[in-house]
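A quick write-up on the structure given underneath.
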Amino acid sequence: MWLLKPRLLWQLLLWCLEGVTPLMPSFWSEELSECFHFADKYRGAYSNGLKKYVCPFYCSYSGYEDELLWGAAWLHKATKNPAYLNYIQVNGQALGAAQFDNIFGWDNKHAGARILLSKAFLVQKVQSLHDYKDHADNFICSLIPGAPFSSTQYTPGGLLFKMNDSNMQYVTSTSFLLLTYAKYLTYARKIVNCGGTAVTPKRLRNIAKKQVDYLLGDNPLKMSYMVGYGPRYPQRIHHRGSSLPSIAAHPVKIQCSSGFSVMNSQSPNPNILVGAIVGGPDQHDRFPDKRSDYEQSEPATYMNSPLVGALAYLAHSFGQL
C-alpha cells in the first residue's frame, strides 16, 4: 500500500504544475498526509531498506530530502493547509531548496518543487515563498545556452544532454518545466535575469519546443524517438513485450532464458509499442537502434509522463509561440 502512494504524489504534482485543481477526496488527503508525516518522522532513502532489490538501477542516489520538499510543496498546494507552508519555511533550506542541481527526474525532484513553489509566489502571491522565484531562476539560467551561468550540455543537433542512460527523461521533464515556468512568468509579467541576460517566457517556450521537435524527428538523423510516430522511428526497442512474438504467432510458451535469442536478433520488433519514448541518442546525436543497448533503446513511463504536459501546452498554443 505504501508503494502506491508516491505514484499518487507524482500524478497530483503534475496536475498542480499544470494548474489543474483535482477534487481531493478526504481519504486521499488523509492518506497522503499520513504518508508524508511517516516519511518525515522516519527519514531516509527508500532504497536503504530495499537495496538488494532496487540497486543499482533504482537506488535513491539523490537522498530523501528532495522527496520531502516535493511532497510538502504538493500538499501545500492541494490541501491549502497552512501547516505545510510553515513546514516549507522552516525546513526548505535544510531539504535542499537552494541546492544547485539542474535536473528533474524520478530520482531528483528539487527542480520540480522549486517551480511549483515559485507558482505560489508568482501567481498566488504568497510573499513568504519569494526565494523560490530565485531558486527557480537559477535552475532556468543553468539551462539557457550562452547565458553566464549555463551549465547544460547540448548535442551538435541541439538536444539537451545530461547522461547516456535514458537521457530523454531529462529532455521531456525539462521541457515540461520550461513551459510551466513560462506560463507562471507570463501571468506575473516577469522575466528571468541570468547574470544580466534577460530571458523572457517566449525564449523558454522556444527552447522547450525545440527539444520536443528534436524528439519527434527534427534532428540530424531525422529519427523520431517516439515509437510509431513519423516515417522513421526505433525498430528494436529494449522491451520484452514488444520484441517477443505474440501468442498468435508463437503459441508455445517462451521461457525466460529463451528471450535472449530474440534480444540479440537484428530483426525489428514484431509488436510496435506505439507512443513509447526511448532513451534517445548519445552526445553526438548518434543512435544505434540496438535492442541490447538499454541505455538508448529502453522506453520508460518517466520519459513519457512529462511529455504529455509539454505536448498539451504546445498543442494548445500552436501558432502562438
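We label chains A, B, ... in the order they appear in the C-alpha cells, count residues from 1 in each chain, and number ligands from 1 in the order shown.
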Report the closest atom pair, with its distance in Å rounded to one decimal, for each residue of segment 150-211 of chain A that has an atom no farther than 9 Å from segment 290-311 of chain A; count only C-alpha atoms, sort by chain and then rising residue number, and write it as a Markdown table.
| residue | atom | partner | partner_atom | distance |
| --- | --- | --- | --- | --- |
| A:Asn164 | CA | A:Glu295 | CA | 6.4 |
| A:Asp165 | CA | A:Glu295 | CA | 4.3 |
| A:Ser166 | CA | A:Glu295 | CA | 5.3 |
| A:Asn167 | CA | A:Gln296 | CA | 7.8 |
| A:Met168 | CA | A:Met303 | CA | 6.3 |
| A:Gln169 | CA | A:Met303 | CA | 4.3 |
| A:Tyr170 | CA | A:Met303 | CA | 7.8 |
| A:Val171 | CA | A:Met303 | CA | 8.3 |
| A:Thr172 | CA | A:Leu307 | CA | 5.1 |
| A:Ser173 | CA | A:Pro306 | CA | 5.0 |
| A:Thr174 | CA | A:Pro306 | CA | 8.3 |
| A:Ser175 | CA | A:Ala310 | CA | 6.4 |
| A:Phe176 | CA | A:Ala310 | CA | 4.8 |
| A:Leu177 | CA | A:Ala310 | CA | 8.4 |
| A:Leu178 | CA | A:Ala310 | CA | 8.9 |
| A:Leu179 | CA | A:Ala310 | CA | 6.8 |
| A:Thr180 | CA | A:Ala310 | CA | 8.3 |
| A:Ala208 | CA | A:Ala310 | CA | 8.0 |
| A:Lys209 | CA | A:Ala310 | CA | 8.5 |
Those in segment 29-271 of chain A with strand (DSSP E or B) from DSSP, as an NGL selection string: :A and (153-154 or 160-161 or 192-194 or 197-199 or 226)
Residue selection dump (all heavy atoms) as a PDB file, in the first residue's frame:
ATOM      1  N   GLN A 153      24.887  20.814 -21.160  1.00  0.00           N
ATOM      2  CA  GLN A 153      25.457  20.426 -22.448  1.00  0.00           C
ATOM      3  C   GLN A 153      24.340  20.167 -23.461  1.00  0.00           C
ATOM      4  O   GLN A 153      23.279  19.639 -23.114  1.00  0.00           O
ATOM      5  CB  GLN A 153      26.291  19.146 -22.268  1.00  0.00           C
ATOM      6  CG  GLN A 153      26.881  18.595 -23.557  1.00  0.00           C
ATOM      7  CD  GLN A 153      27.613  17.276 -23.337  1.00  0.00           C
ATOM      8  OE1 GLN A 153      27.791  16.816 -22.206  1.00  0.00           O
ATOM      9  NE2 GLN A 153      28.029  16.656 -24.433  1.00  0.00           N
ATOM     10  N   TYR A 154      24.582  20.550 -24.699  1.00  0.00           N
ATOM     11  CA  TYR A 154      23.663  20.257 -25.793  1.00  0.00           C
ATOM     12  C   TYR A 154      24.438  19.522 -26.881  1.00  0.00           C
ATOM     13  O   TYR A 154      25.634  19.771 -27.084  1.00  0.00           O
ATOM     14  CB  TYR A 154      23.048  21.535 -26.363  1.00  0.00           C
ATOM     15  CG  TYR A 154      22.039  22.181 -25.435  1.00  0.00           C
ATOM     16  CD1 TYR A 154      22.456  23.032 -24.414  1.00  0.00           C
ATOM     17  CD2 TYR A 154      20.683  21.924 -25.552  1.00  0.00           C
ATOM     18  CE1 TYR A 154      21.549  23.616 -23.544  1.00  0.00           C
ATOM     19  CE2 TYR A 154      19.759  22.503 -24.697  1.00  0.00           C
ATOM     20  CZ  TYR A 154      20.198  23.346 -23.694  1.00  0.00           C
ATOM     21  OH  TYR A 154      19.283  23.903 -22.825  1.00  0.00           O
ATOM     22  N   LEU A 160      19.251  18.709 -25.487  1.00  0.00           N
ATOM     23  CA  LEU A 160      19.772  18.799 -24.121  1.00  0.00           C
ATOM     24  C   LEU A 160      20.328  17.436 -23.739  1.00  0.00           C
ATOM     25  O   LEU A 160      19.669  16.409 -23.940  1.00  0.00           O
ATOM     26  CB  LEU A 160      18.645  19.201 -23.181  1.00  0.00           C
ATOM     27  CG  LEU A 160      18.943  19.368 -21.693  1.00  0.00           C
ATOM     28  CD1 LEU A 160      18.038  20.446 -21.105  1.00  0.00           C
ATOM     29  CD2 LEU A 160      18.731  18.065 -20.927  1.00  0.00           C
ATOM     30  N   PHE A 161      21.548  17.419 -23.197  1.00  0.00           N
ATOM     31  CA  PHE A 161      22.175  16.135 -22.880  1.00  0.00           C
ATOM     32  C   PHE A 161      22.724  16.138 -21.464  1.00  0.00           C
ATOM     33  O   PHE A 161      23.567  16.951 -21.117  1.00  0.00           O
ATOM     34  CB  PHE A 161      23.303  15.822 -23.868  1.00  0.00           C
ATOM     35  CG  PHE A 161      23.803  14.412 -23.753  1.00  0.00           C
ATOM     36  CD1 PHE A 161      23.147  13.377 -24.401  1.00  0.00           C
ATOM     37  CD2 PHE A 161      24.902  14.117 -22.970  1.00  0.00           C
ATOM     38  CE1 PHE A 161      23.578  12.067 -24.276  1.00  0.00           C
ATOM     39  CE2 PHE A 161      25.354  12.815 -22.832  1.00  0.00           C
ATOM     40  CZ  PHE A 161      24.690  11.781 -23.492  1.00  0.00           C
ATOM     41  N   VAL A 192      13.310  36.256 -16.407  1.00  0.00           N
ATOM     42  CA  VAL A 192      14.422  35.689 -15.642  1.00  0.00           C
ATOM     43  C   VAL A 192      15.677  36.476 -16.003  1.00  0.00           C
ATOM     44  O   VAL A 192      15.955  36.703 -17.183  1.00  0.00           O
ATOM     45  CB  VAL A 192      14.627  34.194 -15.979  1.00  0.00           C
ATOM     46  CG1 VAL A 192      15.825  33.641 -15.210  1.00  0.00           C
ATOM     47  CG2 VAL A 192      13.367  33.400 -15.658  1.00  0.00           C
ATOM     48  N   ASN A 193      16.416  36.893 -14.987  1.00  0.00           N
ATOM     49  CA  ASN A 193      17.666  37.617 -15.204  1.00  0.00           C
ATOM     50  C   ASN A 193      18.825  36.669 -14.952  1.00  0.00           C
ATOM     51  O   ASN A 193      19.097  36.291 -13.813  1.00  0.00           O
ATOM     52  CB  ASN A 193      17.752  38.829 -14.270  1.00  0.00           C
ATOM     53  CG  ASN A 193      18.941  39.720 -14.589  1.00  0.00           C
ATOM     54  OD1 ASN A 193      19.973  39.261 -15.081  1.00  0.00           O
ATOM     55  ND2 ASN A 193      18.817  41.008 -14.302  1.00  0.00           N
ATOM     56  N   CYS A 194      19.521  36.309 -16.024  1.00  0.00           N
ATOM     57  CA  CYS A 194      20.648  35.380 -15.906  1.00  0.00           C
ATOM     58  C   CYS A 194      21.961  36.158 -16.031  1.00  0.00           C
ATOM     59  O   CYS A 194      22.533  36.272 -17.135  1.00  0.00           O
ATOM     60  CB  CYS A 194      20.563  34.309 -16.981  1.00  0.00           C
ATOM     61  SG  CYS A 194      19.123  33.224 -16.863  1.00  0.00           S
ATOM     62  N   THR A 197      21.630  38.824 -18.545  1.00  0.00           N
ATOM     63  CA  THR A 197      20.932  38.379 -19.750  1.00  0.00           C
ATOM     64  C   THR A 197      19.453  38.192 -19.428  1.00  0.00           C
ATOM     65  O   THR A 197      19.101  37.376 -18.572  1.00  0.00           O
ATOM     66  CB  THR A 197      21.513  37.052 -20.268  1.00  0.00           C
ATOM     67  OG1 THR A 197      22.897  37.227 -20.593  1.00  0.00           O
ATOM     68  CG2 THR A 197      20.756  36.566 -21.505  1.00  0.00           C
ATOM     69  N   ALA A 198      18.604  38.959 -20.086  1.00  0.00           N
ATOM     70  CA  ALA A 198      17.162  38.866 -19.848  1.00  0.00           C
ATOM     71  C   ALA A 198      16.589  37.695 -20.639  1.00  0.00           C
ATOM     72  O   ALA A 198      16.755  37.616 -21.856  1.00  0.00           O
ATOM     73  CB  ALA A 198      16.480  40.157 -20.251  1.00  0.00           C
ATOM     74  N   VAL A 199      15.951  36.785 -19.926  1.00  0.00           N
ATOM     75  CA  VAL A 199      15.349  35.604 -20.555  1.00  0.00           C
ATOM     76  C   VAL A 199      13.839  35.706 -20.398  1.00  0.00           C
ATOM     77  O   VAL A 199      13.313  35.708 -19.286  1.00  0.00           O
ATOM     78  CB  VAL A 199      15.872  34.302 -19.910  1.00  0.00           C
ATOM     79  CG1 VAL A 199      15.220  33.089 -20.562  1.00  0.00           C
ATOM     80  CG2 VAL A 199      17.398  34.229 -20.031  1.00  0.00           C
ATOM     81  N   MET A 226       9.843   8.741 -30.613  1.00  0.00           N
ATOM     82  CA  MET A 226       8.556   8.215 -30.167  1.00  0.00           C
ATOM     83  C   MET A 226       8.194   7.067 -31.103  1.00  0.00           C
ATOM     84  O   MET A 226       7.980   7.275 -32.304  1.00  0.00           O
ATOM     85  CB  MET A 226       7.460   9.281 -30.191  1.00  0.00           C
ATOM     86  CG  MET A 226       6.081   8.731 -29.817  1.00  0.00           C
ATOM     87  SD  MET A 226       4.741   9.946 -29.962  1.00  0.00           S
ATOM     88  CE  MET A 226       5.031  10.929 -28.486  1.00  0.00           C
TER      89      MET A 226
END
Helix (DSSP H, G or I) positions in segment 95-275 of chain A, given as a PyMOL selection string: chain A and resi 110-122+127-129+131-141+168-188+201-215+240-243+256-263
Minimum-distance residue to Gln127 of chain A, chosen among A:Leu85, A:Gly63, A:Gln235, A:Ile277 (using only C-alpha atoms):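 Ranked by minimum distance to Gln127 of chain A, first place goes to A:Leu85.
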Contacts of Ser243 of chain A within 7 Å, only C-alpha atoms, excl. fewer than 4 positions in-chain, as a list of chain:residue names: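 Answer for this query is A:His239, A:Val262, A:Asn269, A:Pro270, A:Asn271.
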Export, as an mmCIF file, in the first residue's frame, the selected residues with all heavy atoms.
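The resulting file, out.cif, is shown below:
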data_model
loop_
_atom_site.group_PDB
_atom_site.id
_atom_site.type_symbol
_atom_site.label_atom_id
_atom_site.label_comp_id
_atom_site.auth_asym_id
_atom_site.auth_seq_id
_atom_site.Cartn_x
_atom_site.Cartn_y
_atom_site.Cartn_z
ATOM 1 N N HIS A 239 12.419 -3.866 -24.952
ATOM 2 C CA HIS A 239 11.125 -4.066 -24.289
ATOM 3 C C HIS A 239 10.652 -5.483 -24.614
ATOM 4 O O HIS A 239 10.415 -5.814 -25.778
ATOM 5 C CB HIS A 239 10.123 -3.028 -24.785
ATOM 6 C CG HIS A 239 8.801 -3.059 -24.079
ATOM 7 N ND1 HIS A 239 7.802 -3.946 -24.412
ATOM 8 C CD2 HIS A 239 8.321 -2.297 -23.066
ATOM 9 C CE1 HIS A 239 6.753 -3.734 -23.641
ATOM 10 N NE2 HIS A 239 7.053 -2.737 -22.807
ATOM 11 N N VAL A 262 16.069 -13.606 -28.861
ATOM 12 C CA VAL A 262 15.317 -12.541 -29.523
ATOM 13 C C VAL A 262 15.984 -11.190 -29.275
ATOM 14 O O VAL A 262 16.085 -10.346 -30.171
ATOM 15 C CB VAL A 262 13.861 -12.517 -29.033
ATOM 16 C CG1 VAL A 262 13.108 -11.337 -29.628
ATOM 17 C CG2 VAL A 262 13.161 -13.820 -29.376
ATOM 18 N N ASN A 269 11.299 -5.309 -33.982
ATOM 19 C CA ASN A 269 10.326 -5.841 -33.032
ATOM 20 C C ASN A 269 9.011 -6.142 -33.753
ATOM 21 O O ASN A 269 8.529 -5.323 -34.531
ATOM 22 C CB ASN A 269 10.067 -4.832 -31.901
ATOM 23 C CG ASN A 269 11.225 -4.740 -30.939
ATOM 24 O OD1 ASN A 269 12.308 -5.252 -31.207
ATOM 25 N ND2 ASN A 269 11.013 -4.085 -29.820
ATOM 26 N N PRO A 270 8.409 -7.300 -33.477
ATOM 27 C CA PRO A 270 7.153 -7.650 -34.155
ATOM 28 C C PRO A 270 5.951 -6.854 -33.654
ATOM 29 O O PRO A 270 4.966 -6.699 -34.368
ATOM 30 C CB PRO A 270 6.999 -9.145 -33.851
ATOM 31 C CG PRO A 270 7.738 -9.346 -32.564
ATOM 32 C CD PRO A 270 8.894 -8.397 -32.626
ATOM 33 N N ASN A 271 6.042 -6.344 -32.418
ATOM 34 C CA ASN A 271 4.920 -5.611 -31.833
ATOM 35 C C ASN A 271 5.348 -4.152 -31.611
ATOM 36 O O ASN A 271 6.249 -3.877 -30.818
ATOM 37 C CB ASN A 271 4.500 -6.235 -30.499
ATOM 38 C CG ASN A 271 4.288 -7.736 -30.629
ATOM 39 O OD1 ASN A 271 3.535 -8.193 -31.475
ATOM 40 N ND2 ASN A 271 4.978 -8.512 -29.795
#
Between atom CA of Gly230 of chain A and atom CA of Gly217 of chain A, distance in Å (one decimal): 7.3 Å
Atom CA of Gln255 of chain A to atom CA of Gly241 of chain A, distance in Å rounded to a single decimal: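 Taking atom CA of Gln255 of chain A and atom CA of Gly241 of chain A, their separation equals 13.2 Å.
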Leu117 of chain A environment, 12 Å, only C-alpha atoms, sequence neighbours closer than 4 positions dropped, as number ranges by chain: A: 13, 16-17, 69-77, 84-85, 88-89, 92, 97, 110-113, 121-136, 181, 184
Could you take the residues named above and write them with N, CA, C and O atoms, as a short mmCIF file (atom, residue, chain, number, x, y, z; two decimals), in the first residue's frame?
data_model
loop_
_atom_site.label_atom_id
_atom_site.label_comp_id
_atom_site.auth_asym_id
_atom_site.auth_seq_id
_atom_site.Cartn_x
_atom_site.Cartn_y
_atom_site.Cartn_z
N LEU A 13 1.21 16.04 -8.34
CA LEU A 13 2.13 17.15 -8.53
C LEU A 13 2.05 17.66 -9.96
O LEU A 13 2.03 18.87 -10.21
N CYS A 16 -0.89 19.76 -10.33
CA CYS A 16 -0.71 21.07 -9.70
C CYS A 16 0.14 21.98 -10.58
O CYS A 16 -0.16 23.16 -10.75
N LEU A 17 1.22 21.43 -11.16
CA LEU A 17 2.07 22.23 -12.01
C LEU A 17 1.32 22.74 -13.23
O LEU A 17 1.56 23.84 -13.73
N LEU A 69 10.67 17.83 0.40
CA LEU A 69 10.33 19.17 -0.08
C LEU A 69 9.25 19.10 -1.15
O LEU A 69 8.30 19.88 -1.15
N TRP A 70 9.39 18.15 -2.04
CA TRP A 70 8.44 17.95 -3.13
C TRP A 70 7.06 17.59 -2.59
O TRP A 70 6.04 18.13 -3.00
N GLY A 71 7.02 16.65 -1.61
CA GLY A 71 5.76 16.25 -1.01
C GLY A 71 5.09 17.40 -0.26
O GLY A 71 3.87 17.60 -0.35
N ALA A 72 5.88 18.17 0.48
CA ALA A 72 5.32 19.31 1.22
C ALA A 72 4.77 20.37 0.27
O ALA A 72 3.72 20.97 0.51
N ALA A 73 5.49 20.60 -0.85
CA ALA A 73 5.02 21.57 -1.84
C ALA A 73 3.69 21.14 -2.44
O ALA A 73 2.77 21.95 -2.60
N TRP A 74 3.60 19.87 -2.75
CA TRP A 74 2.34 19.36 -3.31
C TRP A 74 1.20 19.46 -2.29
O TRP A 74 0.11 19.92 -2.62
N LEU A 75 1.46 19.03 -1.06
CA LEU A 75 0.41 19.04 -0.05
C LEU A 75 -0.03 20.47 0.29
O LEU A 75 -1.20 20.71 0.57
N HIS A 76 0.90 21.40 0.26
CA HIS A 76 0.54 22.80 0.47
C HIS A 76 -0.43 23.26 -0.61
O HIS A 76 -1.44 23.92 -0.35
N LYS A 77 -0.13 22.89 -1.86
CA LYS A 77 -0.99 23.29 -2.98
C LYS A 77 -2.34 22.58 -2.95
O LYS A 77 -3.38 23.20 -3.18
N TYR A 84 1.66 23.05 6.09
CA TYR A 84 2.66 22.66 5.08
C TYR A 84 3.47 23.87 4.62
O TYR A 84 4.67 23.75 4.33
N LEU A 85 2.85 25.02 4.56
CA LEU A 85 3.59 26.24 4.24
C LEU A 85 4.61 26.51 5.33
O LEU A 85 5.77 26.84 5.05
N ILE A 88 7.55 24.13 4.98
CA ILE A 88 8.46 24.53 3.90
C ILE A 88 9.34 25.69 4.36
O ILE A 88 10.56 25.70 4.11
N GLN A 89 8.75 26.66 5.06
CA GLN A 89 9.52 27.81 5.51
C GLN A 89 10.59 27.41 6.53
O GLN A 89 11.70 27.93 6.52
N GLY A 92 12.80 24.17 4.41
CA GLY A 92 13.17 24.24 3.00
C GLY A 92 14.65 24.25 2.72
O GLY A 92 15.15 23.48 1.88
N ALA A 97 16.44 23.37 -0.81
CA ALA A 97 15.72 24.32 -1.66
C ALA A 97 16.67 25.14 -2.53
O ALA A 97 16.37 25.43 -3.69
N HIS A 110 13.98 18.17 -6.83
CA HIS A 110 14.18 19.53 -6.32
C HIS A 110 13.68 20.58 -7.30
O HIS A 110 12.99 21.53 -6.91
N ALA A 111 14.05 20.44 -8.57
CA ALA A 111 13.67 21.46 -9.55
C ALA A 111 12.16 21.56 -9.68
O ALA A 111 11.61 22.67 -9.77
N GLY A 112 11.47 20.44 -9.67
CA GLY A 112 10.01 20.46 -9.74
C GLY A 112 9.40 21.17 -8.55
O GLY A 112 8.44 21.94 -8.69
N ALA A 113 9.95 20.91 -7.36
CA ALA A 113 9.44 21.56 -6.16
C ALA A 113 9.66 23.07 -6.22
O ALA A 113 8.79 23.86 -5.82
N PHE A 121 4.31 31.94 -5.24
CA PHE A 121 4.72 33.34 -5.13
C PHE A 121 4.25 34.17 -6.32
O PHE A 121 3.66 35.25 -6.16
N LEU A 122 4.47 33.68 -7.54
CA LEU A 122 4.18 34.45 -8.75
C LEU A 122 2.69 34.59 -9.03
O LEU A 122 2.24 35.65 -9.46
N VAL A 123 1.95 33.54 -8.79
CA VAL A 123 0.53 33.52 -9.15
C VAL A 123 -0.37 33.75 -7.95
O VAL A 123 -1.28 34.58 -7.99
N GLN A 124 -0.10 33.02 -6.85
CA GLN A 124 -0.95 33.17 -5.66
C GLN A 124 -0.47 34.27 -4.71
O GLN A 124 -1.11 34.54 -3.70
N LYS A 125 0.69 34.87 -5.02
CA LYS A 125 1.22 36.00 -4.25
C LYS A 125 1.52 35.64 -2.79
O LYS A 125 1.31 36.43 -1.87
N VAL A 126 2.02 34.43 -2.57
CA VAL A 126 2.45 34.03 -1.24
C VAL A 126 3.85 34.60 -1.03
O VAL A 126 4.85 34.01 -1.47
N GLN A 127 3.92 35.76 -0.39
CA GLN A 127 5.17 36.51 -0.31
C GLN A 127 6.28 35.76 0.43
O GLN A 127 7.47 35.95 0.15
N SER A 128 5.90 34.92 1.37
CA SER A 128 6.92 34.22 2.16
C SER A 128 7.71 33.21 1.32
O SER A 128 8.73 32.69 1.76
N LEU A 129 7.25 32.94 0.10
CA LEU A 129 7.94 31.99 -0.77
C LEU A 129 8.68 32.71 -1.91
O LEU A 129 8.99 32.10 -2.93
N HIS A 130 8.99 33.99 -1.71
CA HIS A 130 9.65 34.76 -2.78
C HIS A 130 11.00 34.18 -3.15
O HIS A 130 11.45 34.32 -4.31
N ASP A 131 11.71 33.53 -2.21
CA ASP A 131 13.02 32.96 -2.51
C ASP A 131 12.93 31.89 -3.59
O ASP A 131 13.92 31.63 -4.30
N TYR A 132 11.77 31.25 -3.70
CA TYR A 132 11.66 30.15 -4.67
C TYR A 132 11.62 30.67 -6.11
O TYR A 132 11.91 29.92 -7.04
N LYS A 133 11.29 31.93 -6.30
CA LYS A 133 11.45 32.53 -7.62
C LYS A 133 12.94 32.58 -7.98
O LYS A 133 13.34 32.24 -9.10
N ASP A 134 13.77 32.96 -7.02
CA ASP A 134 15.22 32.98 -7.25
C ASP A 134 15.75 31.57 -7.49
O ASP A 134 16.60 31.36 -8.37
N HIS A 135 15.28 30.60 -6.69
CA HIS A 135 15.74 29.22 -6.86
C HIS A 135 15.34 28.68 -8.23
O HIS A 135 16.13 28.01 -8.90
N ALA A 136 14.11 28.98 -8.64
CA ALA A 136 13.64 28.54 -9.95
C ALA A 136 14.44 29.22 -11.06
O ALA A 136 14.81 28.60 -12.06
N TYR A 181 7.00 27.02 -16.25
CA TYR A 181 7.53 28.26 -15.66
C TYR A 181 7.24 29.45 -16.56
O TYR A 181 6.95 30.56 -16.07
N TYR A 184 3.84 30.68 -15.72
CA TYR A 184 3.79 31.44 -14.47
C TYR A 184 4.38 32.84 -14.66
O TYR A 184 3.85 33.83 -14.15
#
